[in-house]
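model06.pdb follows; it contains PDB, C-alpha atoms, pLDDT in the B column.
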```pdb
ATOM      1  CA  MET A  82    -303.427 117.937  40.788  1.00 41.00           C
ATOM      2  CA  GLU A  83    -302.152 121.397  41.660  1.00 44.00           C
ATOM      3  CA  THR A  84    -302.585 124.314  39.336  1.00 44.00           C
ATOM      4  CA  GLN A  85    -299.650 126.448  38.252  1.00 44.00           C
ATOM      5  CA  SER A  86    -300.787 129.344  40.447  1.00 43.00           C
ATOM      6  CA  LYS A  87    -300.934 127.077  43.510  1.00 47.00           C
ATOM      7  CA  LYS A  88    -297.408 125.828  42.815  1.00 47.00           C
ATOM      8  CA  GLN A  89    -296.213 129.389  42.379  1.00 48.00           C
ATOM      9  CA  GLY A  90    -297.916 130.407  45.633  1.00 51.00           C
ATOM     10  CA  ASN A  91    -296.278 127.514  47.483  1.00 62.00           C
ATOM     11  CA  ASN A  92    -292.837 128.584  46.243  1.00 65.00           C
ATOM     12  CA  PHE A  93    -293.437 132.133  47.416  1.00 65.00           C
ATOM     13  CA  ASP A  94    -294.914 130.964  50.736  1.00 67.00           C
ATOM     14  CA  SER A  95    -291.880 128.760  51.378  1.00 64.00           C
ATOM     15  CA  PHE A  96    -289.601 131.681  50.450  1.00 61.00           C
ATOM     16  CA  ILE A  97    -291.380 133.945  52.947  1.00 61.00           C
ATOM     17  CA  SER A  98    -291.297 131.285  55.669  1.00 61.00           C
ATOM     18  CA  LEU A  99    -287.521 130.959  55.221  1.00 58.00           C
ATOM     19  CA  ILE A 100    -286.937 134.658  55.780  1.00 55.00           C
ATOM     20  CA  GLU A 101    -289.353 135.355  58.632  1.00 57.00           C
ATOM     21  CA  GLY A 102    -287.675 136.155  61.908  1.00 52.00           C
ATOM     22  CA  VAL A 103    -284.180 136.183  60.445  1.00 52.00           C
ATOM     23  CA  TYR A 104    -283.363 139.863  60.950  1.00 47.00           C
ATOM     24  CA  MET A 105    -284.777 142.775  62.826  1.00 68.00           C
ATOM     25  CA  ASN A 106    -283.606 144.905  59.873  1.00 81.00           C
ATOM     26  CA  ASN A 107    -285.355 142.876  57.156  1.00 85.00           C
ATOM     27  CA  ILE A 108    -286.730 143.964  53.798  1.00 89.00           C
ATOM     28  CA  THR A 109    -288.446 141.927  51.102  1.00 90.00           C
ATOM     29  CA  ILE A 110    -288.981 143.534  47.710  1.00 90.00           C
ATOM     30  CA  ILE A 111    -290.680 142.251  44.598  1.00 89.00           C
ATOM     31  CA  GLY A 112    -289.749 144.280  41.565  1.00 90.00           C
ATOM     32  CA  THR A 113    -288.251 144.338  38.108  1.00 91.00           C
ATOM     33  CA  ILE A 114    -284.578 144.566  37.272  1.00 93.00           C
ATOM     34  CA  GLN A 115    -283.326 147.761  35.697  1.00 93.00           C
ATOM     35  CA  GLY A 116    -280.336 147.058  33.459  1.00 90.00           C
ATOM     36  CA  ALA A 117    -278.025 144.080  33.857  1.00 88.00           C
ATOM     37  CA  ALA A 118    -276.142 142.793  36.873  1.00 90.00           C
ATOM     38  CA  THR A 119    -272.510 143.691  37.446  1.00 93.00           C
ATOM     39  CA  LEU A 120    -270.349 140.792  38.588  1.00 93.00           C
ATOM     40  CA  SER A 121    -267.255 141.458  40.683  1.00 93.00           C
ATOM     41  CA  ILE A 122    -264.978 139.402  42.921  1.00 92.00           C
ATOM     42  CA  LEU A 123    -264.506 140.255  46.594  1.00 89.00           C
ATOM     43  CA  LYS A 124    -260.979 139.398  47.672  1.00 89.00           C
ATOM     44  CA  LYS A 125    -260.290 138.605  51.289  1.00 83.00           C
ATOM     45  CA  GLU A 126    -257.017 137.477  52.809  1.00 85.00           C
ATOM     46  CA  THR A 127    -257.284 133.823  51.781  1.00 87.00           C
ATOM     47  CA  SER A 128    -260.396 133.597  49.637  1.00 88.00           C
ATOM     48  CA  GLU A 129    -262.411 135.156  46.852  1.00 90.00           C
ATOM     49  CA  LYS A 130    -266.184 135.474  46.696  1.00 91.00           C
ATOM     50  CA  PRO A 131    -268.368 136.536  43.752  1.00 93.00           C
ATOM     51  CA  MET A 132    -270.692 139.510  44.210  1.00 94.00           C
ATOM     52  CA  ILE A 133    -273.373 140.868  41.916  1.00 95.00           C
ATOM     53  CA  ASN A 134    -274.884 144.332  41.981  1.00 96.00           C
ATOM     54  CA  PHE A 135    -278.086 145.383  40.232  1.00 96.00           C
ATOM     55  CA  LYS A 136    -280.953 147.846  40.478  1.00 96.00           C
ATOM     56  CA  LEU A 137    -284.436 146.636  41.427  1.00 94.00           C
ATOM     57  CA  VAL A 138    -287.445 148.856  40.677  1.00 92.00           C
ATOM     58  CA  ASP A 139    -290.532 148.689  42.891  1.00 88.00           C
ATOM     59  CA  LYS A 140    -293.490 150.443  41.292  1.00 82.00           C
ATOM     60  CA  GLY A 141    -295.686 149.955  44.353  1.00 75.00           C
ATOM     61  CA  ASP A 142    -299.240 148.723  44.650  1.00 72.00           C
ATOM     62  CA  PRO A 143    -300.941 148.754  41.225  1.00 67.00           C
ATOM     63  CA  TYR A 144    -303.955 150.579  42.695  1.00 73.00           C
ATOM     64  CA  GLN A 145    -301.947 153.088  44.732  1.00 71.00           C
ATOM     65  CA  ARG A 146    -298.865 153.680  42.651  1.00 63.00           C
ATOM     66  CA  PRO A 147    -296.542 156.405  43.880  1.00 63.00           C
ATOM     67  CA  LYS A 148    -295.635 159.223  41.523  1.00 71.00           C
ATOM     68  CA  GLU A 149    -292.099 157.881  41.209  1.00 82.00           C
ATOM     69  CA  PRO A 150    -290.998 154.232  41.423  1.00 85.00           C
ATOM     70  CA  VAL A 151    -288.540 153.319  44.174  1.00 88.00           C
ATOM     71  CA  ILE A 152    -285.162 152.076  42.913  1.00 92.00           C
ATOM     72  CA  PHE A 153    -283.050 149.888  45.192  1.00 94.00           C
ATOM     73  CA  ASN A 154    -279.360 149.109  44.717  1.00 96.00           C
ATOM     74  CA  VAL A 155    -279.007 145.413  45.537  1.00 96.00           C
ATOM     75  CA  TYR A 156    -275.820 143.511  46.384  1.00 95.00           C
ATOM     76  CA  PHE A 157    -275.729 139.698  46.552  1.00 95.00           C
ATOM     77  CA  SER A 158    -272.549 137.967  47.668  1.00 91.00           C
ATOM     78  CA  LYS A 159    -273.006 134.218  47.857  1.00 89.00           C
ATOM     79  CA  ASP A 160    -271.292 131.384  46.010  1.00 87.00           C
ATOM     80  CA  SER A 161    -274.225 131.206  43.568  1.00 89.00           C
ATOM     81  CA  ALA A 162    -273.788 134.876  42.548  1.00 91.00           C
ATOM     82  CA  ALA A 163    -271.492 134.080  39.624  1.00 89.00           C
ATOM     83  CA  HIS A 164    -273.906 131.428  38.356  1.00 89.00           C
ATOM     84  CA  ILE A 165    -277.016 133.612  38.395  1.00 90.00           C
ATOM     85  CA  SER A 166    -275.433 136.883  37.239  1.00 89.00           C
ATOM     86  CA  HIS A 167    -276.195 136.254  33.557  1.00 87.00           C
ATOM     87  CA  TYR A 168    -279.883 135.577  34.384  1.00 88.00           C
ATOM     88  CA  ILE A 169    -280.293 138.966  36.043  1.00 90.00           C
ATOM     89  CA  THR A 170    -281.210 141.042  33.026  1.00 89.00           C
ATOM     90  CA  ASN A 171    -283.425 144.010  32.269  1.00 90.00           C
ATOM     91  CA  ASN A 172    -287.160 143.704  33.068  1.00 89.00           C
ATOM     92  CA  LYS A 173    -287.038 140.298  34.791  1.00 90.00           C
ATOM     93  CA  GLU A 174    -289.069 140.020  37.964  1.00 90.00           C
ATOM     94  CA  LEU A 175    -287.364 139.103  41.251  1.00 90.00           C
ATOM     95  CA  ALA A 176    -288.163 138.832  44.926  1.00 92.00           C
ATOM     96  CA  VAL A 177    -285.238 139.881  47.086  1.00 94.00           C
ATOM     97  CA  SER A 178    -284.924 139.500  50.833  1.00 93.00           C
ATOM     98  CA  GLY A 179    -282.159 140.984  52.900  1.00 92.00           C
ATOM     99  CA  CYS A 180    -281.325 143.964  55.046  1.00 92.00           C
ATOM    100  CA  ILE A 181    -280.717 147.644  54.449  1.00 92.00           C
ATOM    101  CA  GLN A 182    -277.104 148.731  54.861  1.00 91.00           C
ATOM    102  CA  LYS A 183    -275.396 152.088  54.565  1.00 90.00           C
ATOM    103  CA  LYS A 184    -272.094 152.832  52.844  1.00 88.00           C
ATOM    104  CA  LYS A 185    -269.560 155.221  54.375  1.00 89.00           C
ATOM    105  CA  ASN A 186    -270.747 157.932  51.982  1.00 91.00           C
ATOM    106  CA  GLY A 187    -274.314 157.572  53.350  1.00 87.00           C
ATOM    107  CA  GLU A 188    -275.755 155.763  50.330  1.00 89.00           C
ATOM    108  CA  GLU A 189    -278.226 153.041  51.321  1.00 92.00           C
ATOM    109  CA  TYR A 190    -278.441 149.662  49.609  1.00 93.00           C
ATOM    110  CA  VAL A 191    -280.022 146.243  50.099  1.00 95.00           C
ATOM    111  CA  TYR A 192    -277.666 143.411  51.024  1.00 94.00           C
ATOM    112  CA  ALA A 193    -279.603 140.414  49.679  1.00 94.00           C
ATOM    113  CA  GLU A 194    -279.600 137.148  51.583  1.00 92.00           C
ATOM    114  CA  LYS A 195    -282.041 135.403  49.250  1.00 92.00           C
ATOM    115  CA  ILE A 196    -283.160 135.907  45.656  1.00 92.00           C
ATOM    116  CA  LEU A 197    -286.230 134.308  44.089  1.00 90.00           C
ATOM    117  CA  PHE A 198    -286.918 134.479  40.364  1.00 88.00           C
ATOM    118  CA  THR A 199    -290.670 135.040  40.199  1.00 85.00           C
ATOM    119  CA  GLY A 200    -291.054 135.846  36.512  1.00 70.00           C
ATOM    120  CA  LYS A 201    -289.377 134.426  33.463  1.00 54.00           C
ATOM    121  CA  ALA A 202    -286.025 133.312  34.786  1.00 46.00           C
ATOM    122  CA  PRO A 203    -284.114 130.003  34.604  1.00 47.00           C
ATOM    123  CA  LYS A 204    -287.147 128.299  36.151  1.00 54.00           C
ATOM    124  CA  LYS A 205    -290.156 129.965  37.704  1.00 54.00           C
ATOM    125  CA  GLY A 206    -289.808 129.911  41.464  1.00 55.00           C
ATOM    126  CA  THR A 207    -286.073 129.113  41.449  1.00 58.00           C
ATOM    127  CA  GLU A 208    -284.527 130.265  44.712  1.00 59.00           C
ATOM    128  CA  TYR A 209    -280.883 131.090  45.315  1.00 59.00           C
ATOM    129  CA  VAL A 210    -279.562 131.287  48.837  1.00 54.00           C
TER     130      VAL A 210
END
```

Target encoding structure tokens, full file:
Amino acid sequence: METQSKKQGNNFDSFISLIEGVYMNNITIIGTIQGAATLSILKKETSEKPMINFKLVDKGDPYQRPKEPVIFNVYFSKDSAAHISHYITNNKELAVSGCIQKKKNGEEYVYAEKILFTGKAPKKGTEYV
């Protein structure tokens, strides 16, 4: 019988194995959400796609914390975005994997390919691709 920590480790290990080797420009962040997600609809010529935007705070290694936490703007535009937007609330823990992009104004953000709820979310270890 597996313990809860082993199950949690297996979920995270499978999450990491899914994202390895996907991008040269790849970032994986585990952090807490600051504020709530903003849901918007991207309109293309013939279709619409939901997109959520939120801030993810990475406080660093507990034993070597930086003076200031790093705050990432995260965008997630998959069909499941509308479904999970109400679960992305203040102080929940997430693992996000994606790539760093730059807007025309020079602002950098993370375009998330995968989101994993690691803390108290719909279900621990629930992954959305």

**Message:** Around the point (-276.2, 139.2, 47.5) (coordinates from the file), which residues reach within 12 Å if we count only C-alpha atoms? Answer as a ChimeraX atom specification.
**Reply:** /A:118-121,123,130-135,154-163,165-166,177-181,190-197,209-210

**Asked** So how many Å separate atom CA of Leu175 of chain A and atom CA of Lys136 of chain A, to one decimal?
**Response**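 Pair atom CA of Leu175 of chain A / atom CA of Lys136 of chain A returns 10.9 Å.
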
**Request:** Go ahead and compute the interatomic distance for atom CA of Tyr168 of chain A and atom CA of Glu149 of chain A, in Å to one decimal.
**Result:**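 If I compute the distance from atom CA of Tyr168 of chain A to atom CA of Glu149 of chain A, I get 26.3 Å.
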
Box centre and edge lengths (Å, one decimal), axis-aligned, segment 108-126 of chain A plus 8 Å each side, as AutoDock Vina command-line options:
```
--center_x -273.8 --center_y 142.6 --center_z 43.6 --size_x 49.7 --size_y 26.3 --size_z 36.3
```

**Item:** Pick from A:Phe198, A:Glu174, A:Lys125, A:Ile111 nearest to Val151 of chain A, counting all atoms listed in the file
**Value:**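 Comparing A:Phe198, A:Glu174, A:Lys125, A:Ile111 against Val151 of chain A, the winner is A:Ile111.
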
**Request:** Calculate how many Å separate atom CA of Ala176 of chain A from atom CA of Thr109 of chain A, rounding to one decimal.
**Result:** 6.9 Å

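Distance annotation: of A:Asn172, A:Glu189, A:Lys184, A:Thr127, the residue with the minimal separation from Asp139 of chain A is A:Asn172; atom set is only C-alpha atoms.
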
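Among the candidates A:Asn171, A:Thr199, A:Asn186, A:Ser128, the one nearest to Gly116 of chain A when counting only C-alpha atoms is A:Asn171.
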
**Fill in**
The residue from A:Pro150, A:Glu188, A:Lys183, A:Asp142 with the smallest atom-to-atom distance to Gln115 of chain A, counting only C-alpha atoms, is A:Pro150

**Request:** Rank nothing, just name the residue among A:Lys148, A:Lys140, A:Lys185, A:His167 nearest to Gly112 of chain A, using all atoms listed in the file.
**Result:** A:Lys140
